[in-house]
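One file, final21.cif, carrying mmCIF, C-alpha atoms:
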data_work
loop_
_atom_site.label_atom_id
_atom_site.label_comp_id
_atom_site.auth_asym_id
_atom_site.auth_seq_id
_atom_site.Cartn_x
_atom_site.Cartn_y
_atom_site.Cartn_z
CA MET A 1 -13.86 10.74 3.14
CA GLU A 2 -14.57 7.06 3.77
CA ARG A 3 -11.52 5.11 4.92
CA TYR A 4 -10.38 2.06 2.96
CA TYR A 5 -9.67 0.35 6.30
CA ILE A 6 -11.34 -0.12 9.68
CA PRO A 7 -9.68 2.24 12.17
CA PHE A 8 -8.85 1.18 15.70
CA THR A 9 -10.96 3.61 17.76
CA LYS A 10 -10.65 4.94 21.29
CA GLU A 11 -13.69 2.88 22.27
CA MET A 12 -11.99 -0.30 21.02
CA LYS A 13 -9.02 0.37 23.28
CA LYS A 14 -11.15 -0.40 26.34
CA ASP A 15 -12.00 -4.05 25.63
CA TYR A 16 -10.16 -5.22 22.49
CA THR A 17 -7.22 -7.62 22.60
CA ILE A 18 -4.43 -6.70 20.19
CA LEU A 19 -2.55 -9.65 18.70
CA ILE A 20 1.09 -9.29 17.62
CA PRO A 21 2.91 -11.79 15.37
CA THR A 22 6.13 -13.42 16.51
CA MET A 23 9.56 -12.29 15.32
CA LEU A 24 11.69 -11.42 18.33
CA PRO A 25 9.73 -12.79 21.32
CA MET A 26 11.83 -11.17 24.06
CA HIS A 27 11.90 -7.78 22.35
CA PHE A 28 8.19 -7.86 21.60
CA LYS A 29 7.22 -8.93 25.13
CA MET A 30 9.00 -5.88 26.52
CA ILE A 31 7.45 -3.61 23.90
CA MET A 32 4.05 -5.00 24.91
CA GLY A 33 4.95 -4.25 28.53
CA VAL A 34 5.38 -0.59 27.59
CA LEU A 35 2.09 -0.44 25.67
CA ARG A 36 0.16 -2.12 28.49
CA THR A 37 1.11 0.88 30.63
CA TYR A 38 -1.10 2.95 28.32
CA GLY A 39 -4.11 0.67 28.68
CA TYR A 40 -3.70 -1.71 25.77
CA LYS A 41 -4.46 -5.41 26.21
CA MET A 42 -1.92 -7.26 24.07
CA GLU A 43 -0.89 -10.84 23.34
CA LEU A 44 2.08 -12.23 21.42
CA LEU A 45 1.35 -15.12 19.08
CA GLU A 46 4.06 -17.75 19.55
CA LYS A 47 2.44 -20.84 18.05
CA SER A 48 4.52 -22.46 15.31
CA GLY A 49 4.30 -25.57 13.17
CA PRO A 50 3.34 -26.53 9.61
CA GLU A 51 -0.32 -25.63 10.21
CA ILE A 52 0.66 -21.93 10.30
CA THR A 53 2.08 -22.19 6.78
CA GLU A 54 -0.93 -24.19 5.59
CA VAL A 55 -3.38 -21.56 6.83
CA GLY A 56 -1.28 -18.82 5.24
CA LEU A 57 -1.21 -20.59 1.89
CA LYS A 58 -4.98 -21.01 2.03
CA TYR A 59 -5.51 -17.25 2.08
CA VAL A 60 -2.37 -15.86 0.41
CA HIS A 61 -0.91 -16.66 -3.02
CA ASN A 62 2.12 -18.96 -2.78
CA ASP A 63 4.23 -16.47 -4.76
CA THR A 64 3.85 -13.97 -1.94
CA CYS A 65 6.81 -13.18 0.32
CA TYR A 66 7.26 -16.07 2.78
CA PRO A 67 7.15 -13.88 5.92
CA ALA A 68 3.75 -12.54 4.77
CA ILE A 69 2.43 -16.09 4.40
CA LEU A 70 3.59 -16.90 7.95
CA VAL A 71 2.37 -13.70 9.60
CA ILE A 72 -1.04 -13.82 7.92
CA GLY A 73 -1.29 -17.54 8.62
CA GLN A 74 -0.50 -16.94 12.29
CA PHE A 75 -3.13 -14.21 12.60
CA ILE A 76 -5.93 -16.16 10.90
CA GLU A 77 -5.07 -19.37 12.75
CA ALA A 78 -5.41 -17.45 16.03
CA LEU A 79 -8.79 -16.01 15.01
CA GLN A 80 -10.03 -19.47 13.98
CA SER A 81 -8.70 -21.16 17.12
CA GLY A 82 -11.56 -20.05 19.36
CA ALA A 83 -9.11 -18.56 21.87
CA TYR A 84 -10.19 -15.00 20.97
CA ASP A 85 -13.49 -13.28 20.24
CA PRO A 86 -12.96 -11.98 16.68
CA HIS A 87 -15.41 -9.13 17.39
CA LYS A 88 -13.20 -7.95 20.27
CA THR A 89 -9.81 -8.55 18.62
CA ALA A 90 -7.48 -6.29 16.64
CA LEU A 91 -4.27 -7.16 14.81
CA MET A 92 -1.04 -5.16 14.74
CA LEU A 93 1.52 -5.12 11.93
CA PHE A 94 4.88 -3.33 12.11
CA GLN A 95 5.66 -1.38 8.93
CA THR A 96 8.66 0.67 7.81
CA GLY A 97 6.97 2.12 4.73
CA GLY A 98 9.92 1.12 2.56
CA GLY A 99 9.93 -0.14 -1.01
CA CYS A 100 9.98 -3.92 -0.45
CA ARG A 101 6.98 -6.26 -0.49
CA ALA A 102 6.68 -5.99 3.29
CA SER A 103 4.97 -2.61 2.88
CA ASN A 104 2.08 -4.46 1.22
CA TYR A 105 1.62 -6.99 4.03
CA ILE A 106 -1.17 -4.94 5.58
CA SER A 107 -3.18 -4.88 2.33
CA LEU A 108 -2.59 -8.61 1.86
CA LEU A 109 -3.72 -9.24 5.44
CA ARG A 110 -6.94 -7.29 4.99
CA LYS A 111 -7.67 -9.15 1.75
CA ALA A 112 -7.03 -12.48 3.51
CA LEU A 113 -9.24 -11.49 6.47
CA LYS A 114 -12.08 -10.68 4.09
CA LYS A 115 -11.68 -14.04 2.37
CA ALA A 116 -11.71 -15.81 5.75
CA GLY A 117 -14.81 -13.91 6.92
CA TYR A 118 -13.04 -11.55 9.34
CA ASP A 119 -13.17 -8.33 7.35
CA TYR A 120 -14.54 -6.53 10.44
CA VAL A 121 -11.32 -7.11 12.42
CA PRO A 122 -9.25 -3.88 12.67
CA VAL A 123 -5.62 -4.01 11.57
CA ILE A 124 -3.36 -1.41 13.24
CA SER A 125 -0.45 -0.16 11.17
CA PHE A 126 2.44 0.41 13.59
CA SER A 127 4.67 2.80 11.69
CA PHE A 128 6.75 5.87 12.45
CA MET A 129 5.90 7.05 8.91
CA GLY A 130 2.26 7.72 9.86
CA LEU A 131 0.95 5.53 7.05
CA GLU A 132 -2.53 5.28 8.57
CA ASP A 133 -4.59 7.03 11.24
CA HIS A 134 -5.92 5.02 14.17
CA PRO A 135 -7.55 7.26 16.83
CA GLY A 136 -7.19 4.55 19.49
CA PHE A 137 -3.48 4.01 18.90
CA LYS A 138 -1.18 7.01 18.83
CA LEU A 139 2.58 7.03 19.29
CA SER A 140 4.11 9.52 21.71
CA PHE A 141 7.65 10.31 22.83
CA SER A 142 7.14 8.51 26.14
CA LYS A 143 5.87 5.37 24.39
CA ILE A 144 8.71 5.42 21.88
CA ARG A 145 11.28 5.99 24.63
CA GLY A 146 9.98 3.02 26.62
CA MET A 147 9.94 0.77 23.55
CA LEU A 148 13.49 1.86 22.75
CA TYR A 149 14.61 0.54 26.14
CA GLY A 150 12.77 -2.70 25.32
CA VAL A 151 14.79 -3.01 22.10
CA LEU A 152 18.08 -2.35 23.90
CA TYR A 153 17.25 -4.85 26.64
CA GLY A 154 16.24 -7.40 24.00
CA ASP A 155 19.45 -6.94 22.02
CA LEU A 156 21.55 -7.40 25.16
CA LEU A 157 19.68 -10.55 26.23
CA MET A 158 19.96 -12.00 22.72
CA SER A 159 23.72 -11.37 22.69
CA LEU A 160 24.20 -12.84 26.17
CA ILE A 161 22.25 -16.00 25.32
CA ASN A 162 24.27 -16.50 22.14
CA GLN A 163 27.61 -16.01 23.93
CA THR A 164 26.67 -18.31 26.82
CA ARG A 165 24.53 -21.13 25.42
CA PRO A 166 27.26 -23.17 23.63
CA TYR A 167 29.44 -23.28 26.76
CA GLU A 168 26.99 -23.69 29.67
CA THR A 169 27.42 -26.82 31.78
CA ASP A 170 23.74 -26.80 32.75
CA GLN A 171 21.94 -26.99 29.42
CA GLY A 172 19.20 -24.38 29.13
CA ALA A 173 20.56 -22.16 31.93
CA ALA A 174 21.07 -19.15 29.63
CA GLU A 175 17.56 -19.32 28.19
CA ARG A 176 15.97 -19.73 31.61
CA LEU A 177 17.88 -16.72 32.90
CA ALA A 178 16.88 -14.69 29.83
CA ASP A 179 13.21 -15.61 30.37
CA HIS A 180 13.55 -14.57 34.02
CA TRP A 181 15.00 -11.19 33.07
CA CYS A 182 12.48 -10.71 30.26
CA GLU A 183 9.64 -11.13 32.76
CA ILE A 184 11.24 -8.69 35.22
CA LEU A 185 11.91 -6.05 32.55
CA SER A 186 8.48 -6.41 30.93
CA LYS A 187 6.81 -5.75 34.28
CA GLU A 188 9.15 -2.86 35.04
CA LEU A 189 8.54 -1.22 31.66
CA GLY A 190 4.81 -1.74 32.05
CA ALA A 191 4.54 -0.59 35.66
CA GLY A 192 3.01 2.76 34.76
CA ARG A 193 5.97 4.93 35.65
CA VAL A 194 8.80 6.54 33.73
CA VAL A 195 11.91 4.35 33.88
CA SER A 196 15.03 6.39 34.50
CA TYR A 197 18.04 5.81 32.26
CA ARG A 198 20.14 5.31 35.38
CA ARG A 199 17.89 2.34 36.16
CA VAL A 200 18.31 1.01 32.61
CA LYS A 201 22.11 1.00 32.92
CA LYS A 202 21.83 -0.61 36.36
CA ASN A 203 19.77 -3.39 34.76
CA TYR A 204 22.44 -3.81 32.05
CA ARG A 205 25.09 -4.38 34.72
CA GLU A 206 22.94 -6.82 36.68
CA MET A 207 22.11 -8.84 33.55
CA LEU A 208 25.78 -9.03 32.59
CA ARG A 209 26.71 -10.08 36.12
CA ASP A 210 24.07 -12.84 36.16
CA PHE A 211 25.08 -14.28 32.79
CA ALA A 212 28.77 -14.11 33.68
CA ALA A 213 27.97 -16.18 36.78
CA ILE A 214 26.54 -19.08 34.75
CA GLU A 215 28.91 -22.04 35.02
CA LYS A 216 30.69 -22.70 31.73
CA SER A 217 33.19 -25.24 30.46
CA PRO A 218 35.84 -24.78 27.74
CA ARG A 219 34.40 -26.03 24.45
CA ARG A 220 35.34 -25.58 20.85
CA ALA A 221 32.67 -23.68 18.95
CA VAL A 222 32.87 -22.17 15.48
CA LYS A 223 31.35 -18.70 15.39
CA VAL A 224 28.58 -18.42 12.80
CA GLY A 225 26.99 -15.08 11.93
CA VAL A 226 23.35 -14.84 10.89
CA VAL A 227 22.16 -12.02 8.62
CA GLY A 228 19.37 -11.53 6.08
CA GLU A 229 15.78 -10.38 5.71
CA ILE A 230 14.60 -9.16 9.10
CA PHE A 231 11.84 -11.71 9.71
CA VAL A 232 13.65 -14.88 8.64
CA LYS A 233 16.84 -13.65 10.31
CA TYR A 234 15.20 -13.39 13.73
CA SER A 235 12.03 -15.47 13.81
CA PRO A 236 12.33 -19.17 14.76
CA LEU A 237 9.05 -19.64 12.86
CA GLY A 238 10.56 -18.07 9.74
CA ASN A 239 13.96 -19.84 9.77
CA ASN A 240 13.03 -23.28 11.15
CA ASP A 241 14.72 -22.49 14.46
CA LEU A 242 18.06 -21.80 12.73
CA GLU A 243 19.98 -20.66 15.81
CA ARG A 244 18.99 -23.67 17.87
CA PHE A 245 20.10 -25.97 15.05
CA LEU A 246 23.49 -24.24 14.72
CA VAL A 247 24.06 -24.50 18.48
CA SER A 248 23.15 -28.21 18.38
CA GLU A 249 25.88 -28.59 15.76
CA GLY A 250 28.45 -27.02 18.09
CA ALA A 251 28.38 -23.43 16.81
CA GLU A 252 28.19 -20.08 18.58
CA THR A 253 25.73 -17.83 16.76
CA VAL A 254 26.38 -14.11 16.31
CA VAL A 255 23.30 -12.10 15.32
CA PRO A 256 23.26 -8.29 14.84
CA GLY A 257 20.68 -6.58 17.05
CA LEU A 258 17.38 -4.93 16.17
CA MET A 259 18.78 -1.53 17.18
CA ASP A 260 20.95 -1.58 14.06
CA PHE A 261 17.87 -1.92 11.85
CA LEU A 262 16.23 1.04 13.60
CA LEU A 263 19.42 3.07 13.15
CA TYR A 264 19.52 2.02 9.49
CA CYS A 265 15.99 3.36 8.97
CA VAL A 266 16.89 6.66 10.63
CA TYR A 267 20.23 6.97 8.82
CA ASN A 268 18.45 6.53 5.49
CA GLY A 269 16.70 9.84 6.16
CA ILE A 270 20.12 11.50 6.34
CA VAL A 271 21.15 9.79 3.09
CA ASP A 272 17.96 11.05 1.39
CA TYR A 273 18.92 14.62 2.21
CA GLN A 274 22.50 14.12 1.04
CA LEU A 275 21.32 12.63 -2.25
CA TYR A 276 18.23 14.71 -2.98
CA LYS A 277 18.60 17.83 -0.76
CA LYS A 278 15.00 17.67 0.40
CA ASN A 279 13.31 18.93 3.56
CA ASP A 280 15.93 20.73 5.69
CA ILE A 281 13.79 20.61 8.87
CA LYS A 282 13.23 16.85 8.63
CA TYR A 283 16.96 16.38 7.97
CA TRP A 284 18.01 18.10 11.19
CA GLY A 285 15.39 16.21 13.17
CA THR A 286 16.61 12.94 11.69
CA LYS A 287 20.21 13.82 12.48
CA LEU A 288 19.33 14.51 16.13
CA ALA A 289 17.44 11.21 16.36
CA TYR A 290 20.43 9.40 14.83
CA ARG A 291 22.86 10.89 17.35
CA TYR A 292 20.49 10.08 20.21
CA LEU A 293 20.14 6.42 19.17
CA CYS A 294 23.87 6.02 18.49
CA GLY A 295 24.51 7.42 21.97
CA LYS A 296 22.24 4.81 23.55
CA LYS A 297 24.08 2.03 21.75
CA HIS A 298 27.45 3.50 22.82
CA HIS A 299 26.31 3.37 26.46
CA LEU A 300 25.41 -0.32 26.11
CA ILE A 301 28.79 -1.06 24.51
CA ALA A 302 30.58 0.78 27.32
CA VAL A 303 28.78 -1.22 30.03
CA MET A 304 29.62 -4.49 28.26
CA LYS A 305 33.29 -3.48 28.03
CA GLU A 306 33.24 -2.53 31.70
CA ASN A 307 31.98 -6.02 32.58
CA GLY A 308 34.68 -7.64 30.43
CA HIS A 309 33.12 -11.11 30.04
CA PHE A 310 31.26 -10.62 26.75
CA THR A 311 31.99 -9.25 23.28
CA PRO A 312 30.06 -5.99 22.74
CA PRO A 313 28.38 -5.07 19.43
CA THR A 314 30.00 -2.79 16.85
CA PRO A 315 29.22 0.96 16.99
CA PHE A 316 26.76 1.72 14.20
CA GLU A 317 28.95 4.50 12.79
CA ASP A 318 31.59 1.84 12.08
CA THR A 319 29.00 -0.40 10.43
CA VAL A 320 28.06 2.48 8.12
CA LYS A 321 31.68 2.94 7.05
CA MET A 322 32.13 -0.78 6.34
CA ALA A 323 29.70 -0.61 3.41
CA GLU A 324 31.90 1.93 1.61
CA GLY A 325 33.64 0.46 -1.40
CA TYR A 326 31.09 -2.34 -1.61
CA ILE A 327 27.61 -0.83 -1.94
CA SER A 328 26.02 2.64 -2.03
CA HIS A 329 24.12 3.89 1.01
CA GLY A 330 21.43 4.87 -1.48
CA THR A 331 20.59 1.17 -1.84
CA LYS A 332 17.89 0.99 0.80
CA MET A 333 15.07 -1.26 -0.36
CA GLY A 334 14.36 -3.86 2.32
CA GLU A 335 17.51 -4.37 4.40
CA GLY A 336 19.50 -2.71 1.60
CA TRP A 337 23.10 -1.72 2.27
CA LEU A 338 22.76 -2.76 5.93
CA LEU A 339 22.70 -6.43 4.91
CA THR A 340 26.05 -6.07 3.15
CA ALA A 341 27.45 -3.98 6.00
CA GLU A 342 26.40 -6.57 8.61
CA MET A 343 28.27 -9.31 6.74
CA LEU A 344 31.37 -7.09 6.70
CA GLU A 345 30.85 -6.23 10.38
CA LEU A 346 30.93 -9.94 11.19
CA VAL A 347 34.05 -10.47 9.08
CA HIS A 348 35.86 -7.57 10.78
CA GLY A 349 34.84 -9.05 14.14
CA GLY A 350 36.51 -12.37 13.33
CA VAL A 351 33.31 -14.23 12.38
CA LYS A 352 34.32 -15.91 9.12
CA ASN A 353 31.27 -18.18 8.68
CA ILE A 354 28.02 -16.45 7.75
CA VAL A 355 24.51 -17.66 6.99
CA CYS A 356 22.56 -15.24 4.78
CA THR A 357 18.85 -15.98 5.27
CA GLN A 358 16.38 -14.83 2.64
CA PRO A 359 12.78 -15.48 1.63
CA PHE A 360 12.73 -17.11 -1.79
CA GLY A 361 12.29 -14.44 -4.46
CA CYS A 362 13.17 -11.52 -2.17
CA LEU A 363 14.80 -9.17 -4.68
CA PRO A 364 16.46 -6.74 -2.19
CA ASN A 365 18.06 -9.65 -0.33
CA HIS A 366 19.18 -11.43 -3.48
CA ILE A 367 20.96 -8.24 -4.56
CA CYS A 368 22.32 -6.95 -1.24
CA GLY A 369 22.91 -10.38 0.30
CA LYS A 370 23.52 -13.17 -2.19
CA GLY A 371 24.62 -10.71 -4.88
CA MET A 372 27.33 -9.23 -2.62
CA MET A 373 28.84 -12.54 -1.59
CA LYS A 374 31.29 -12.58 -4.51
CA PRO A 375 32.81 -9.09 -3.93
CA ILE A 376 33.03 -9.78 -0.19
CA LYS A 377 34.82 -13.08 -0.79
CA GLU A 378 37.18 -11.48 -3.33
CA LYS A 379 38.41 -8.99 -0.73
CA ASN A 380 38.13 -11.47 2.17
CA PRO A 381 39.14 -14.87 0.76
CA ASP A 382 38.94 -16.60 4.15
CA VAL A 383 35.19 -15.97 4.46
CA ASN A 384 32.70 -18.83 4.23
CA ILE A 385 29.20 -17.55 3.31
CA VAL A 386 26.13 -19.62 2.49
CA ALA A 387 22.78 -18.24 1.33
CA ILE A 388 19.74 -20.18 2.54
CA ASP A 389 16.31 -19.65 0.94
CA TYR A 390 13.24 -19.99 3.15
CA ASP A 391 9.90 -20.68 1.51
CA ALA A 392 6.74 -22.71 2.00
CA GLY A 393 8.08 -25.20 -0.56
CA ALA A 394 11.62 -25.43 0.87
CA THR A 395 12.41 -28.48 2.98
CA LYS A 396 14.03 -28.25 6.38
CA VAL A 397 16.24 -31.26 5.55
CA ASN A 398 17.81 -29.54 2.54
CA GLN A 399 18.38 -26.35 4.53
CA GLU A 400 20.07 -28.22 7.36
CA ASN A 401 22.22 -30.24 4.96
CA ARG A 402 23.53 -27.02 3.43
CA LEU A 403 24.25 -25.67 6.90
CA LYS A 404 26.11 -28.84 7.85
CA LEU A 405 28.21 -28.52 4.68
CA MET A 406 29.05 -24.91 5.60
CA LEU A 407 30.14 -25.99 9.08
CA ALA A 408 32.21 -28.84 7.62
CA ASN A 409 33.96 -26.32 5.37
CA ALA A 410 34.55 -23.77 8.13
CA LYS A 411 37.59 -21.75 7.12
CA THR A 412 38.36 -20.10 10.43
CA GLU A 413 40.09 -21.44 13.48
CA LYS A 414 37.82 -22.67 16.22
CA PHE A 415 37.06 -20.43 19.15
CA VAL A 416 37.23 -21.55 22.75
CA ARG A 417 35.33 -19.73 25.51
CA PHE A 418 35.96 -20.21 29.20
#

Would you write the structure of this file as structure tokens?
Amino acid sequence: MERYYIPFTKEMKKDYTILIPTMLPMHFKMIMGVLRTYGYKMELLEKSGPEITEVGLKYVHNDTCYPAILVIGQFIEALQSGAYDPHKTALMLFQTGGGCRASNYISLLRKALKKAGYDYVPVISFSFMGLEDHPGFKLSFSKIRGMLYGVLYGDLLMSLINQTRPYETDQGAAERLADHWCEILSKELGAGRVVSYRRVKKNYREMLRDFAAIEKSPRRAVKVGVVGEIFVKYSPLGNNDLERFLVSEGAETVVPGLMDFLLYCVYNGIVDYQLYKKNDIKYWGTKLAYRYLCGKKHHLIAVMKENGHFTPPTPFEDTVKMAEGYISHGTKMGEGWLLTAEMLELVHGGVKNIVCTQPFGCLPNHICGKGMMKPIKEKNPDVNIVAIDYDAGATKVNQENRLKLMLANAKTEKFVRF
């Protein structure tokens, strides 16, 4: 049967460059390090600016989800830039296979590529659901294991930057150190050998030691949590560099890690069995995967507690319980119940100011984010939550004015780090 898409073949693997869109640069650089071990030539697209949006709007309808406009715009801008040979370039999109508009990004991208004259460029669907078959790109346990370490490293670095940056005496020291470690870890993960878990935990301890050694001064900083749709929550391109703006206003940002989203996707398989009693074998496999991933996060938490200088993340099992009484675990379109649970996780952790980021018109986020603000505030009256829409037509000035108003109305005491 003829495929409706161009597969990425084994022959293409030899001389094609695979482009990846930006979202979490440090995480993705380490994931690329793992994949380079298996012979893939990969590059992360980090260019930002209004021209990305303009290119996206040229090839995608303006009613389309904002992250899709940005991702497609970034891909086509790269192909048009002359920096890559389009006949030797492939694109990679990460897909969960869920029910939100993000599952249609790959179809939108192929339609846009055809319109731009690049319909011959292969688009690789990176998905654990096996949505498409690409002979030249197959996932294996060793690849997944290596990428998992990349996610854990990325989450730790993100947390350490956020807990150090507002208090550093040498401005930019935390980011420079994170870039240094990202380069080391990317090379280590891509060195062509299996990385032992003992080595991973040793790296945790060394990273914590290095960040703890950065000179800091006591400063007052209001803690501000950031939640929302996965792309605009993490991507500086998608949220107009939200975290940097909040830090410039004297805040300490607190952002849940990517591991929680992976755990959310796995846990939803357990919920499916509980609700619909389907596929016993898949259920037990999912349960084992869930325990394995929770165990990895527990190890990271334990090492952070052992160091004693930084606040560790919340165990995912506790995050799951926090949603109870607010929203059903069966609500799993997009970020689903996890979005509500992450807001409650922040509240329980003493973070009373929360920015809920959402693409304009994103139904799952409007329900599970903006729609849950009222019940959360009713049970937690000292919480200050603001929902910020991100869209091609939204102005950065209006977004920043709303953020400044939230900070001016901060309802929690100010935190001081030493």

Surrounding residues of Ile385 (chain A) excluding itself and chain neighbours under 2 positions, 6 Å, all atoms listed in the file, as a list of chain:residue names: A:Asn353, A:Ile354, A:Val355

Just to be explicit: take each residue in the selection above, keep C-alpha atoms, and write the result as an mmCIF file, in the coordinates of the input.
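Here's the written file part-v1.cif:
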data_model
loop_
_atom_site.group_PDB
_atom_site.id
_atom_site.type_symbol
_atom_site.label_atom_id
_atom_site.label_comp_id
_atom_site.auth_asym_id
_atom_site.auth_seq_id
_atom_site.Cartn_x
_atom_site.Cartn_y
_atom_site.Cartn_z
ATOM 1 C CA ASN A 353 31.270 -18.180 8.680
ATOM 2 C CA ILE A 354 28.020 -16.450 7.750
ATOM 3 C CA VAL A 355 24.510 -17.660 6.990
#

Counting only C-alpha atoms, what is within 10 Å of Met32 (chain A), bar same-chain residues fewer than 5 positions away, as an mmCIF file with C-alpha atoms, keeping the file's coordinate frame?
data_model
loop_
_atom_site.group_PDB
_atom_site.id
_atom_site.type_symbol
_atom_site.label_atom_id
_atom_site.label_comp_id
_atom_site.auth_asym_id
_atom_site.auth_seq_id
_atom_site.Cartn_x
_atom_site.Cartn_y
_atom_site.Cartn_z
ATOM 1 C CA ILE A 18 -4.430 -6.700 20.190
ATOM 2 C CA ILE A 20 1.090 -9.290 17.620
ATOM 3 C CA MET A 26 11.830 -11.170 24.060
ATOM 4 C CA HIS A 27 11.900 -7.780 22.350
ATOM 5 C CA THR A 37 1.110 0.880 30.630
ATOM 6 C CA TYR A 40 -3.700 -1.710 25.770
ATOM 7 C CA LYS A 41 -4.460 -5.410 26.210
ATOM 8 C CA MET A 42 -1.920 -7.260 24.070
ATOM 9 C CA GLU A 43 -0.890 -10.840 23.340
ATOM 10 C CA LEU A 44 2.080 -12.230 21.420
ATOM 11 C CA MET A 147 9.940 0.770 23.550
ATOM 12 C CA GLY A 150 12.770 -2.700 25.320
ATOM 13 C CA SER A 186 8.480 -6.410 30.930
ATOM 14 C CA LYS A 187 6.810 -5.750 34.280
ATOM 15 C CA LEU A 189 8.540 -1.220 31.660
ATOM 16 C CA GLY A 190 4.810 -1.740 32.050
#

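Contact shell of region 295-298 of chain A at 10 Å (all atoms listed in the file; same-chain neighbours under 3 positions omitted): A:Leu148, A:Tyr149, A:Leu152, A:Tyr197, A:Met259, A:Asp260, A:Leu263, A:Ala289, A:Tyr290, A:Arg291, A:Tyr292, A:Ile301, A:Ala302, A:Val303, A:Met304, A:Pro312, A:Pro313, A:Thr314, A:Pro315, A:Phe316.
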
Selection export as a PDB file, in the coordinates of the input, atoms kept: C-alpha atoms:
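Done, and the output landed in result37.pdb:
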ATOM      1  CA  LEU A 148      13.490   1.860  22.750  1.00  0.00           C
ATOM      2  CA  TYR A 149      14.610   0.540  26.140  1.00  0.00           C
ATOM      3  CA  LEU A 152      18.080  -2.350  23.900  1.00  0.00           C
ATOM      4  CA  TYR A 197      18.040   5.810  32.260  1.00  0.00           C
ATOM      5  CA  MET A 259      18.780  -1.530  17.180  1.00  0.00           C
ATOM      6  CA  ASP A 260      20.950  -1.580  14.060  1.00  0.00           C
ATOM      7  CA  LEU A 263      19.420   3.070  13.150  1.00  0.00           C
ATOM      8  CA  ALA A 289      17.440  11.210  16.360  1.00  0.00           C
ATOM      9  CA  TYR A 290      20.430   9.400  14.830  1.00  0.00           C
ATOM     10  CA  ARG A 291      22.860  10.890  17.350  1.00  0.00           C
ATOM     11  CA  TYR A 292      20.490  10.080  20.210  1.00  0.00           C
ATOM     12  CA  ILE A 301      28.790  -1.060  24.510  1.00  0.00           C
ATOM     13  CA  ALA A 302      30.580   0.780  27.320  1.00  0.00           C
ATOM     14  CA  VAL A 303      28.780  -1.220  30.030  1.00  0.00           C
ATOM     15  CA  MET A 304      29.620  -4.490  28.260  1.00  0.00           C
ATOM     16  CA  PRO A 312      30.060  -5.990  22.740  1.00  0.00           C
ATOM     17  CA  PRO A 313      28.380  -5.070  19.430  1.00  0.00           C
ATOM     18  CA  THR A 314      30.000  -2.790  16.850  1.00  0.00           C
ATOM     19  CA  PRO A 315      29.220   0.960  16.990  1.00  0.00           C
ATOM     20  CA  PHE A 316      26.760   1.720  14.200  1.00  0.00           C
TER      21      PHE A 316
END

Shell of 12 Å around Tyr153 (chain A), all atoms listed in the file, local chain residues under 4 positions omitted, as a ChimeraX atom specification: /A:24,26-31,146-149,157-160,178,181-186,188-189,199-208,257-259,296-297,300

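For the pair CA of Leu79 (chain A) and CA of Pro25 (chain A), the separation is 19.8 Å.
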
Residues matched by the PyMOL selection byres ((chain A and resi 384) around 10) as a short mmCIF file (atom, residue, chain, number, x, y, z; two decimals) with C-alpha atoms, in the coordinates of the input:
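Dumped everything to result_16.cif:
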data_model
loop_
_atom_site.label_atom_id
_atom_site.label_comp_id
_atom_site.auth_asym_id
_atom_site.auth_seq_id
_atom_site.Cartn_x
_atom_site.Cartn_y
_atom_site.Cartn_z
CA VAL A 224 28.58 -18.42 12.80
CA VAL A 347 34.05 -10.47 9.08
CA VAL A 351 33.31 -14.23 12.38
CA LYS A 352 34.32 -15.91 9.12
CA ASN A 353 31.27 -18.18 8.68
CA ILE A 354 28.02 -16.45 7.75
CA VAL A 355 24.51 -17.66 6.99
CA MET A 373 28.84 -12.54 -1.59
CA LYS A 377 34.82 -13.08 -0.79
CA ASN A 380 38.13 -11.47 2.17
CA PRO A 381 39.14 -14.87 0.76
CA ASP A 382 38.94 -16.60 4.15
CA VAL A 383 35.19 -15.97 4.46
CA ILE A 385 29.20 -17.55 3.31
CA VAL A 386 26.13 -19.62 2.49
CA MET A 406 29.05 -24.91 5.60
CA LEU A 407 30.14 -25.99 9.08
CA ASN A 409 33.96 -26.32 5.37
CA ALA A 410 34.55 -23.77 8.13
CA LYS A 411 37.59 -21.75 7.12
CA THR A 412 38.36 -20.10 10.43
#

Nearest residue to Ile76 (chain A) from the set A:Arg110, A:Lys379, A:Lys278, A:Lys88 (distances using only C-alpha atoms): A:Arg110

Explicit residues for the PyMOL selection byres ((chain A and resi 22) around 6) (as a PyMOL selection string): chain A and resi 21+23+45-46
